[in-house]
file query16.cif (mmCIF, C-alpha atoms)
data_upload
#
loop_
_atom_site.label_atom_id
_atom_site.label_comp_id
_atom_site.auth_asym_id
_atom_site.auth_seq_id
_atom_site.Cartn_x
_atom_site.Cartn_y
_atom_site.Cartn_z
CA MET A 1 -61.83 -4.63 34.85
CA THR A 2 -58.48 -6.37 34.75
CA GLN A 3 -55.09 -5.64 33.39
CA GLN A 4 -53.29 -8.31 31.42
CA ASN A 5 -49.73 -8.00 32.75
CA VAL A 6 -49.87 -9.52 36.20
CA VAL A 7 -47.08 -9.57 38.77
CA VAL A 8 -47.37 -11.96 41.69
CA SER A 9 -46.49 -10.61 45.10
CA ASP A 10 -46.48 -12.13 48.53
CA THR A 11 -49.51 -10.18 49.70
CA LYS A 12 -53.12 -10.45 48.60
CA SER A 13 -53.55 -6.71 48.43
CA ARG A 14 -50.76 -6.30 45.91
CA ILE A 15 -52.18 -9.12 43.81
CA LYS A 16 -55.57 -7.43 43.74
CA ARG A 17 -54.01 -4.15 42.71
CA ALA A 18 -52.12 -5.93 39.94
CA VAL A 19 -55.21 -7.61 38.46
CA SER A 20 -57.54 -4.62 38.65
CA VAL A 21 -57.79 -1.48 36.59
CA ALA A 22 -60.11 1.51 36.80
CA GLN A 23 -63.35 1.15 34.89
CA LYS A 24 -63.78 3.29 31.83
CA PRO A 25 -66.46 3.64 29.16
CA LEU A 26 -65.95 1.38 26.14
CA VAL A 27 -66.19 2.96 22.73
CA VAL A 28 -66.85 0.42 19.98
CA PRO A 29 -67.14 1.53 16.36
CA GLY A 30 -70.33 0.63 14.59
CA LYS A 31 -68.42 -0.91 11.67
CA TYR A 32 -65.50 -3.30 11.70
CA ASN A 33 -63.67 -1.47 8.90
CA ILE A 34 -62.50 -4.61 7.17
CA GLN A 35 -59.65 -3.66 4.84
CA TYR A 36 -57.21 -5.48 2.68
CA SER A 37 -53.72 -4.93 3.99
CA TYR A 38 -50.82 -6.77 5.52
CA PRO A 39 -50.95 -6.74 9.35
CA ARG A 40 -47.96 -5.48 11.32
CA SER A 41 -47.91 -8.40 13.76
CA ARG A 42 -44.52 -10.02 14.13
CA ARG A 43 -46.04 -13.47 13.68
CA VAL A 44 -47.11 -12.70 10.10
CA LEU A 45 -44.79 -14.03 7.42
CA LYS A 46 -44.99 -11.12 4.97
CA ASN A 47 -44.76 -11.57 1.23
CA ILE A 48 -42.14 -8.86 1.01
CA GLU A 49 -40.15 -8.30 -2.15
CA ILE A 50 -36.86 -9.90 -1.23
CA ASN A 51 -34.78 -12.63 -2.75
CA GLY A 52 -36.54 -15.98 -2.76
CA GLU A 53 -33.82 -17.73 -0.77
CA GLN A 54 -33.74 -15.00 1.86
CA ARG A 55 -37.51 -15.15 2.20
CA ILE A 56 -37.51 -18.95 2.56
CA ASN A 57 -34.79 -18.80 5.24
CA SER A 58 -36.85 -16.22 7.09
CA TRP A 59 -39.91 -18.45 6.93
CA VAL A 60 -37.98 -21.48 8.21
CA ASP A 61 -36.64 -19.43 11.13
CA CYS A 62 -40.22 -18.46 11.96
CA MET A 63 -41.29 -22.11 11.71
CA ARG A 64 -38.64 -23.07 14.26
CA ALA A 65 -39.48 -20.17 16.56
CA SER A 66 -43.19 -20.98 16.57
CA SER A 67 -42.71 -24.73 16.98
CA PRO A 68 -40.97 -25.46 20.30
CA THR A 69 -39.86 -29.03 20.86
CA GLN A 70 -39.44 -31.12 23.98
CA ALA A 71 -35.80 -30.10 24.06
CA LYS A 72 -37.02 -26.64 24.98
CA SER A 73 -39.22 -27.88 27.82
CA ILE A 74 -39.24 -26.38 31.30
CA LEU A 75 -36.70 -28.89 32.54
CA SER A 76 -34.08 -27.72 30.06
CA LEU A 77 -34.53 -24.02 30.81
CA ALA A 78 -32.59 -22.16 33.45
CA GLU A 79 -34.54 -22.30 36.69
CA GLU A 80 -34.41 -18.55 37.16
CA GLN A 81 -35.84 -18.01 33.66
CA TYR A 82 -38.90 -20.12 34.38
CA THR A 83 -39.31 -18.59 37.82
CA SER A 84 -39.30 -15.12 36.31
CA TRP A 85 -41.87 -16.13 33.71
CA ILE A 86 -44.25 -17.82 36.14
CA LEU A 87 -44.14 -14.76 38.38
CA ARG A 88 -45.45 -12.70 35.48
CA HIS A 89 -47.91 -15.37 34.30
CA PRO A 90 -48.92 -17.34 37.41
CA SER A 91 -51.06 -20.47 37.35
CA ALA A 92 -54.74 -19.65 36.94
CA LEU A 93 -55.45 -22.53 39.34
CA ASP A 94 -53.24 -21.03 42.04
CA MET A 95 -54.79 -17.61 41.46
CA PHE A 96 -58.37 -18.81 41.12
CA GLU A 97 -59.75 -16.87 44.10
CA GLN A 98 -58.17 -13.64 42.88
CA ILE A 99 -59.63 -14.20 39.39
CA VAL A 100 -63.20 -14.73 40.60
CA ASP A 101 -62.85 -11.83 43.04
CA ALA A 102 -61.99 -9.58 40.09
CA SER A 103 -65.15 -10.78 38.29
CA GLN A 104 -67.51 -9.84 41.12
CA GLY A 105 -70.58 -8.00 39.86
CA LYS A 106 -69.80 -8.77 36.22
CA GLN A 107 -71.01 -11.33 33.68
CA ILE A 108 -68.28 -13.83 32.88
CA VAL A 109 -68.08 -14.77 29.20
CA MET A 110 -65.85 -17.72 28.24
CA PHE A 111 -63.77 -18.00 25.06
CA LEU A 112 -61.89 -21.26 24.45
CA ASP A 113 -59.44 -22.34 21.78
CA TYR A 114 -59.74 -26.00 20.78
CA ASP A 115 -56.47 -27.72 19.81
CA GLY A 116 -54.01 -27.73 22.71
CA THR A 117 -56.62 -26.22 25.02
CA LEU A 118 -59.66 -28.52 25.07
CA SER A 119 -57.89 -31.37 23.32
CA PRO A 120 -54.25 -32.51 23.31
CA ILE A 121 -51.95 -31.66 20.41
CA VAL A 122 -51.67 -34.79 18.23
CA ASN A 123 -49.74 -35.71 15.10
CA ASP A 124 -52.91 -36.35 13.07
CA PRO A 125 -55.19 -33.26 13.17
CA ASP A 126 -58.18 -35.47 12.34
CA ARG A 127 -57.71 -37.33 15.63
CA ALA A 128 -57.63 -34.37 18.03
CA PHE A 129 -60.50 -35.82 20.01
CA MET A 130 -62.01 -34.16 23.04
CA SER A 131 -62.31 -36.38 26.11
CA HIS A 132 -65.76 -37.25 27.44
CA SER A 133 -64.91 -35.58 30.74
CA MET A 134 -63.86 -32.38 28.96
CA ARG A 135 -67.08 -32.35 26.92
CA LYS A 136 -69.11 -32.84 30.08
CA THR A 137 -67.24 -29.98 31.75
CA VAL A 138 -67.74 -27.60 28.80
CA ARG A 139 -71.45 -28.46 28.69
CA LYS A 140 -71.79 -27.54 32.37
CA LEU A 141 -69.74 -24.38 31.76
CA ALA A 142 -72.15 -23.27 29.01
CA LYS A 143 -75.06 -23.61 31.44
CA CYS A 144 -73.32 -21.16 33.79
CA PHE A 145 -71.75 -18.68 31.35
CA PRO A 146 -72.03 -17.79 27.66
CA THR A 147 -69.30 -19.88 26.04
CA ALA A 148 -67.60 -19.76 22.63
CA ILE A 149 -65.07 -21.97 20.85
CA VAL A 150 -62.61 -19.82 18.86
CA THR A 151 -60.40 -21.92 16.60
CA GLY A 152 -58.40 -22.01 13.40
CA ARG A 153 -60.35 -25.05 12.27
CA SER A 154 -63.50 -24.85 10.19
CA ILE A 155 -66.74 -24.75 12.16
CA ASP A 156 -67.86 -28.11 10.76
CA LYS A 157 -64.67 -29.84 11.85
CA VAL A 158 -64.57 -28.41 15.36
CA TYR A 159 -68.28 -29.05 15.87
CA ASN A 160 -67.74 -32.72 14.97
CA PHE A 161 -65.22 -32.85 17.81
CA VAL A 162 -67.18 -30.84 20.39
CA ARG A 163 -70.81 -31.72 19.51
CA LEU A 164 -72.42 -29.17 21.82
CA GLU A 165 -75.28 -27.11 20.38
CA GLU A 166 -75.36 -24.56 23.20
CA LEU A 167 -72.05 -22.92 22.25
CA TYR A 168 -70.95 -20.14 19.95
CA TYR A 169 -68.45 -21.29 17.32
CA ALA A 170 -65.90 -19.02 15.64
CA GLY A 171 -64.00 -21.06 13.05
CA SER A 172 -61.20 -20.20 10.62
CA HIS A 173 -59.63 -17.83 13.17
CA GLY A 174 -62.92 -16.01 13.63
CA MET A 175 -63.79 -15.62 9.93
CA ASP A 176 -66.79 -17.96 10.26
CA ILE A 177 -69.06 -17.33 13.27
CA LYS A 178 -72.27 -19.09 14.28
CA GLY A 179 -74.39 -18.82 17.38
CA PRO A 180 -75.91 -21.64 19.41
CA SER A 181 -78.75 -23.58 17.81
CA LYS A 182 -80.40 -24.00 21.20
CA SER A 183 -82.18 -21.17 23.00
CA PHE A 184 -79.54 -19.00 24.61
CA LYS A 185 -80.51 -17.49 27.95
CA PHE A 186 -77.55 -15.10 28.17
CA ASN A 187 -78.37 -13.05 25.08
CA LYS A 188 -79.64 -9.65 26.22
CA ASP A 189 -81.86 -9.37 23.15
CA LYS A 190 -85.40 -10.70 23.50
CA LYS A 191 -84.97 -13.01 20.51
CA SER A 192 -82.25 -15.64 20.61
CA GLU A 193 -81.29 -15.67 16.95
CA GLU A 194 -78.46 -17.65 15.43
CA VAL A 195 -75.53 -15.40 14.60
CA LEU A 196 -73.93 -15.97 11.23
CA PHE A 197 -70.99 -13.78 10.21
CA GLN A 198 -68.47 -14.42 7.46
CA PRO A 199 -66.30 -11.34 6.79
CA ALA A 200 -64.19 -13.17 4.21
CA SER A 201 -66.89 -14.99 2.24
CA GLU A 202 -65.59 -13.71 -1.12
CA PHE A 203 -62.34 -15.62 -0.52
CA LEU A 204 -63.98 -19.06 -0.39
CA PRO A 205 -63.30 -19.99 -4.04
CA MET A 206 -59.72 -18.70 -3.77
CA ILE A 207 -58.98 -20.70 -0.60
CA ALA A 208 -60.44 -23.85 -2.16
CA GLU A 209 -58.20 -23.36 -5.20
CA VAL A 210 -55.11 -22.73 -3.07
CA TYR A 211 -55.87 -25.80 -0.96
CA GLN A 212 -55.82 -28.04 -4.05
CA LYS A 213 -52.54 -26.52 -5.24
CA LEU A 214 -50.93 -26.94 -1.81
CA VAL A 215 -51.98 -30.60 -1.70
CA GLU A 216 -50.36 -31.17 -5.08
CA LYS A 217 -47.19 -29.21 -4.27
CA THR A 218 -46.52 -30.84 -0.90
CA LYS A 219 -47.48 -34.45 -1.63
CA SER A 220 -43.83 -35.42 -2.18
CA ILE A 221 -42.80 -34.23 1.30
CA ALA A 222 -43.22 -37.04 3.83
CA GLY A 223 -45.38 -36.10 6.80
CA ALA A 224 -46.80 -32.89 5.30
CA ARG A 225 -50.55 -32.55 5.72
CA VAL A 226 -52.77 -29.89 4.14
CA GLU A 227 -56.12 -29.11 5.74
CA ASN A 228 -58.96 -27.07 4.25
CA ASN A 229 -60.38 -24.96 7.08
CA LYS A 230 -62.85 -23.17 4.79
CA PHE A 231 -61.49 -19.62 5.13
CA CYS A 232 -57.85 -20.67 5.49
CA ALA A 233 -55.64 -23.48 4.25
CA SER A 234 -53.38 -25.08 6.88
CA VAL A 235 -50.13 -26.87 6.09
CA HIS A 236 -49.16 -29.07 9.05
CA PHE A 237 -45.48 -29.93 9.38
CA ARG A 238 -45.47 -31.62 12.80
CA CYS A 239 -44.54 -34.93 11.19
CA VAL A 240 -42.10 -33.47 8.66
CA ASP A 241 -38.37 -33.96 9.17
CA GLU A 242 -36.85 -30.59 10.08
CA LYS A 243 -34.37 -31.02 7.24
CA LYS A 244 -37.35 -30.81 4.87
CA TRP A 245 -38.83 -27.62 6.34
CA SER A 246 -36.99 -25.41 3.86
CA GLU A 247 -38.30 -27.45 0.93
CA LEU A 248 -41.81 -27.29 2.35
CA ALA A 249 -41.58 -23.52 2.75
CA GLN A 250 -40.41 -23.23 -0.86
CA GLN A 251 -43.41 -25.20 -2.10
CA VAL A 252 -45.83 -23.08 -0.07
CA SER A 253 -44.11 -19.93 -1.35
CA SER A 254 -44.44 -21.04 -4.96
CA VAL A 255 -48.21 -21.26 -4.49
CA LEU A 256 -48.66 -18.14 -2.40
CA LYS A 257 -46.81 -15.82 -4.80
CA GLU A 258 -49.71 -16.18 -7.23
CA TYR A 259 -52.18 -14.82 -4.67
CA PRO A 260 -51.27 -11.32 -3.42
CA ARG A 261 -54.58 -11.08 -1.50
CA LEU A 262 -53.54 -13.96 0.76
CA ARG A 263 -50.97 -13.95 3.56
CA LEU A 264 -49.00 -16.56 5.45
CA THR A 265 -49.04 -16.92 9.24
CA GLN A 266 -47.78 -19.67 11.49
CA GLY A 267 -48.91 -21.49 14.59
CA ARG A 268 -47.76 -24.60 16.42
CA LYS A 269 -46.16 -26.72 13.68
CA VAL A 270 -48.52 -25.29 11.07
CA LEU A 271 -48.32 -22.73 8.24
CA GLU A 272 -51.62 -21.07 7.44
CA VAL A 273 -52.68 -19.27 4.28
CA ARG A 274 -55.33 -16.67 5.11
CA PRO A 275 -57.07 -13.68 3.48
CA THR A 276 -55.38 -10.32 4.00
CA ILE A 277 -58.43 -8.80 5.66
CA LYS A 278 -58.02 -7.23 9.09
CA TRP A 279 -59.77 -9.97 10.99
CA ASP A 280 -58.49 -12.33 13.69
CA LYS A 281 -59.50 -14.01 16.94
CA GLY A 282 -59.46 -10.67 18.75
CA LYS A 283 -61.97 -9.22 16.28
CA ALA A 284 -64.07 -12.36 16.67
CA LEU A 285 -64.07 -11.92 20.46
CA GLN A 286 -65.23 -8.32 20.02
CA PHE A 287 -67.98 -9.34 17.59
CA LEU A 288 -69.29 -12.05 19.91
CA LEU A 289 -69.39 -9.70 22.89
CA GLU A 290 -71.38 -7.24 20.79
CA SER A 291 -73.71 -10.05 19.70
CA LEU A 292 -74.36 -10.84 23.36
CA GLY A 293 -75.25 -7.22 24.05
CA PHE A 294 -72.01 -6.30 25.83
CA ALA A 295 -70.65 -3.80 23.27
CA ASN A 296 -70.60 -0.83 25.64
CA SER A 297 -71.00 -2.71 28.89
CA THR A 298 -68.81 -2.17 31.93
CA ASP A 299 -70.20 -5.23 33.72
CA VAL A 300 -68.74 -7.97 31.52
CA PHE A 301 -65.68 -10.11 32.35
CA PRO A 302 -64.37 -12.05 29.32
CA ILE A 303 -61.96 -14.92 29.97
CA TYR A 304 -60.02 -16.24 26.97
CA ILE A 305 -58.01 -19.49 27.17
CA GLY A 306 -55.70 -20.53 24.34
CA ASP A 307 -52.30 -22.01 23.56
CA ASP A 308 -51.31 -20.65 20.16
CA LYS A 309 -49.82 -17.49 18.67
CA THR A 310 -53.13 -16.77 16.97
CA ASP A 311 -54.70 -16.48 20.43
CA GLU A 312 -52.46 -13.52 21.21
CA ASP A 313 -54.77 -11.29 19.15
CA ALA A 314 -57.56 -12.11 21.61
CA PHE A 315 -55.32 -11.55 24.64
CA LYS A 316 -54.36 -8.13 23.27
CA LYS A 317 -58.00 -7.28 22.56
CA LEU A 318 -58.80 -7.82 26.24
CA ILE A 319 -56.01 -5.41 27.14
CA ASP A 320 -57.43 -2.87 24.69
CA ARG A 321 -60.88 -3.23 26.24
CA GLY A 322 -59.52 -3.03 29.78
CA GLN A 323 -61.72 -5.99 30.64
CA GLY A 324 -61.28 -9.63 31.58
CA LEU A 325 -58.11 -11.67 31.27
CA GLY A 326 -56.24 -14.12 29.08
CA ILE A 327 -54.85 -17.51 30.08
CA LEU A 328 -52.06 -19.12 28.04
CA VAL A 329 -51.86 -22.92 27.91
CA SER A 330 -48.17 -23.78 27.84
CA LYS A 331 -45.67 -25.99 29.64
CA PHE A 332 -42.76 -23.69 28.91
CA PRO A 333 -42.10 -19.95 29.06
CA LYS A 334 -42.88 -17.93 25.95
CA GLU A 335 -43.76 -14.37 25.16
CA THR A 336 -47.46 -13.69 25.70
CA SER A 337 -49.96 -10.96 26.48
CA ALA A 338 -51.95 -13.35 28.70
CA SER A 339 -52.20 -12.69 32.42
CA TYR A 340 -52.10 -16.26 33.64
CA SER A 341 -51.03 -19.72 32.54
CA LEU A 342 -52.12 -23.35 32.62
CA GLN A 343 -49.84 -26.17 31.55
CA GLU A 344 -52.11 -28.53 29.60
CA PRO A 345 -55.75 -29.40 28.75
CA ASN A 346 -56.17 -31.34 31.99
CA GLU A 347 -55.41 -28.15 33.93
CA VAL A 348 -57.82 -26.26 31.69
CA MET A 349 -60.52 -28.77 32.63
CA ASP A 350 -59.72 -28.37 36.33
CA PHE A 351 -59.99 -24.58 36.01
CA LEU A 352 -63.32 -24.81 34.16
CA GLN A 353 -64.70 -27.24 36.72
CA ARG A 354 -63.78 -24.88 39.53
CA LEU A 355 -65.54 -22.03 37.71
CA VAL A 356 -68.68 -24.16 37.40
CA GLU A 357 -68.57 -25.14 41.07
CA TRP A 358 -68.00 -21.51 42.11
CA LYS A 359 -70.99 -20.38 40.04
CA GLN A 360 -73.22 -23.14 41.40
CA VAL A 361 -72.37 -22.22 45.00
CA ARG A 362 -73.10 -18.54 44.31
CA THR A 363 -76.41 -19.41 42.65
CA ARG A 364 -77.52 -21.56 45.60
CA SER A 365 -76.56 -18.83 48.04
CA TYR A 366 -78.51 -16.25 46.01
CA LEU A 367 -81.66 -18.44 46.00
CA LYS A 368 -81.65 -18.90 49.77
#
call {"tool": "encode", "arguments": {"input": "query16.cif", "output": "structure tokens"}}
result
Amino acid sequence: MTQQNVVVSDTKSRIKRAVSVAQKPLVVPGKYNIQYSYPRSRRVLKNIEINGEQRINSWVDCMRASSPTQAKSILSLAEEQYTSWILRHPSALDMFEQIVDASQGKQIVMFLDYDGTLSPIVNDPDRAFMSHSMRKTVRKLAKCFPTAIVTGRSIDKVYNFVRLEELYYAGSHGMDIKGPSKSFKFNKDKKSEEVLFQPASEFLPMIAEVYQKLVEKTKSIAGARVENNKFCASVHFRCVDEKKWSELAQQVSSVLKEYPRLRLTQGRKVLEVRPTIKWDKGKALQFLLESLGFANSTDVFPIYIGDDKTDEDAFKKLIDRGQGLGILVSKFPKETSASYSLQEPNEVMDFLQRLVEWKQVRTRSYLK
């Protein structure tokens, strides 16, 4: 198993000690204990009972903190700051041999975010297209390892981008999960049945209603874009002038105050209205591993790659399990529970291609 906090040293032995942790039995509860409550995560914008102006200012501060700009790129940071960060979260490409060494004797399972990981971040969320080469790489990856897309988008939208039937899809931050429509050789069960899990299905009418209200409330703010992701409503502000962020937050607040069973979270230039159930990408990762038959397994090695704050729940889940590792996609230092880093989708593709090639070589050697 692997630990998430990795420190690079100048010797291979120290690296191996840093990425390994003693195996221990996994105890997974039979139920997910879905409850309605406000999470304690720092990224959640709580609907606390404070003055409206104070709350809006708090939200705007969170919007700035979660939405780094080019001015905060690596080049503008102190060199020692970046050096310190990359020592703690080294490139997964540079550390590739150590990663696959840690997976020896275990089944690798791949979990991939979409926006900013498999596709570039773009101003228009409807044009976040996946490159042909990336699609080809992910298709090959799925032939080697069980592979899932875990995204904040709705399943229908992300499937229209990816168009691969052999994958698992966890949309709406894991609140909408479907298995591959093609026969899936990795499932330990004899029957390869399509998984369908929607822990927040009762919220569908509420989210649809909130979506319409958000569209109406934000239509006067230039650049604002509201997206219905089925189990969450996303308000994109990437193209909104920063001077208008406070006004946008006020409009979102005016809608949200009518729905105490919904909460507000933020990602990269996006505010997201979600149900208050205890469910996130980390829970989705756990559910998918159980669906594959790895609930209590000590021979599984999950790898999760993502770029957003919502992916931190999955990184932390891997730490809790004492298995696998997380890889953050980012060009600049930021707080993360991931072990490793990659700078952009092109590096993600390079890493995935190397995994495929490594698996193919091992398979050929085994057949000889």
call {"tool": "closest_residue", "arguments": {"input": "query16.cif", "among": "A:Gly152, A:Gly293, A:Pro205, A:Gly282", "to": "Gly326 of chain A", "atoms": "all atoms listed in the file"}}
result
A:Gly282
call {"tool": "residues_around", "arguments": {"input": "query16.cif", "residues": "segment 352-359 of chain A", "least_positions_apart": "4", "cutoff": "8 Å", "atoms": "only C-alpha atoms", "output": "PyMOL selection string"}}
result
chain A and resi 137-138+140-141+144+348+363
call {"tool": "residues_around", "arguments": {"input": "query16.cif", "residues": "Glu344 of chain A", "least_positions_apart": "3", "cutoff": "7 Å", "atoms": "all atoms listed in the file", "output": "count of residues only"}}
result
6
call {"tool": "residues_around", "arguments": {"input": "query16.cif", "residues": "Thr310 of chain A", "least_positions_apart": "6", "cutoff": "9 Å", "atoms": "only C-alpha atoms", "output": "list in words"}}
result
Arg43, Thr151, Gly152, His173, Thr265, Gln266, Gly267, Asp280, Lys281 and Gly282 of chain A
call {"tool": "closest_residue", "arguments": {"input": "query16.cif", "among": "A:Gly223, A:Gly324, A:Pro120, A:Pro199", "to": "Gly171 of chain A", "atoms": "only C-alpha atoms"}}
result
A:Pro199
call {"tool": "atom_distance", "arguments": {"input": "query16.cif", "atom1": "atom CA of Tyr211 of chain A", "atom2": "atom CA of Asn228 of chain A"}}
result
6.2 Å
call {"tool": "resolve_selection", "arguments": {"input": "query16.cif", "expression": "the PyMOL selection byres ((chain A and resi 104) around 12)", "output": "ChimeraX atom specification"}}
result
/A:1-2,20,97-103,105-108,299-301,324,358-359,362
call {"tool": "resolve_selection", "arguments": {"input": "query16.cif", "expression": "the PyMOL selection byres ((chain A and resi 311) around 9)", "output": "compact mmCIF listing (two decimals) with C-alpha atoms, keeping the file's coordinate frame"}}
result
# COMPACT_ATOMS: atom_id res chain seq x y z
CA ASP A 113 -59.44 -22.34 21.78
CA VAL A 150 -62.61 -19.82 18.86
CA THR A 151 -60.40 -21.92 16.60
CA HIS A 173 -59.63 -17.83 13.17
CA ASP A 280 -58.49 -12.33 13.69
CA LYS A 281 -59.50 -14.01 16.94
CA GLY A 282 -59.46 -10.67 18.75
CA TYR A 304 -60.02 -16.24 26.97
CA ILE A 305 -58.01 -19.49 27.17
CA GLY A 306 -55.70 -20.53 24.34
CA ASP A 307 -52.30 -22.01 23.56
CA ASP A 308 -51.31 -20.65 20.16
CA LYS A 309 -49.82 -17.49 18.67
CA THR A 310 -53.13 -16.77 16.97
CA GLU A 312 -52.46 -13.52 21.21
CA ASP A 313 -54.77 -11.29 19.15
CA ALA A 314 -57.56 -12.11 21.61
CA PHE A 315 -55.32 -11.55 24.64
CA LYS A 316 -54.36 -8.13 23.27
CA LEU A 328 -52.06 -19.12 28.04
call {"tool": "atom_distance", "arguments": {"input": "query16.cif", "atom1": "atom CA of Leu93 of chain A", "atom2": "atom CA of Phe351 of chain A"}}
result
6.0 Å
call {"tool": "closest_residue", "arguments": {"input": "query16.cif", "among": "A:Lys334, A:Asn346, A:Lys157, A:Glu209", "to": "Ser84 of chain A", "atoms": "only C-alpha atoms"}}
result
A:Lys334
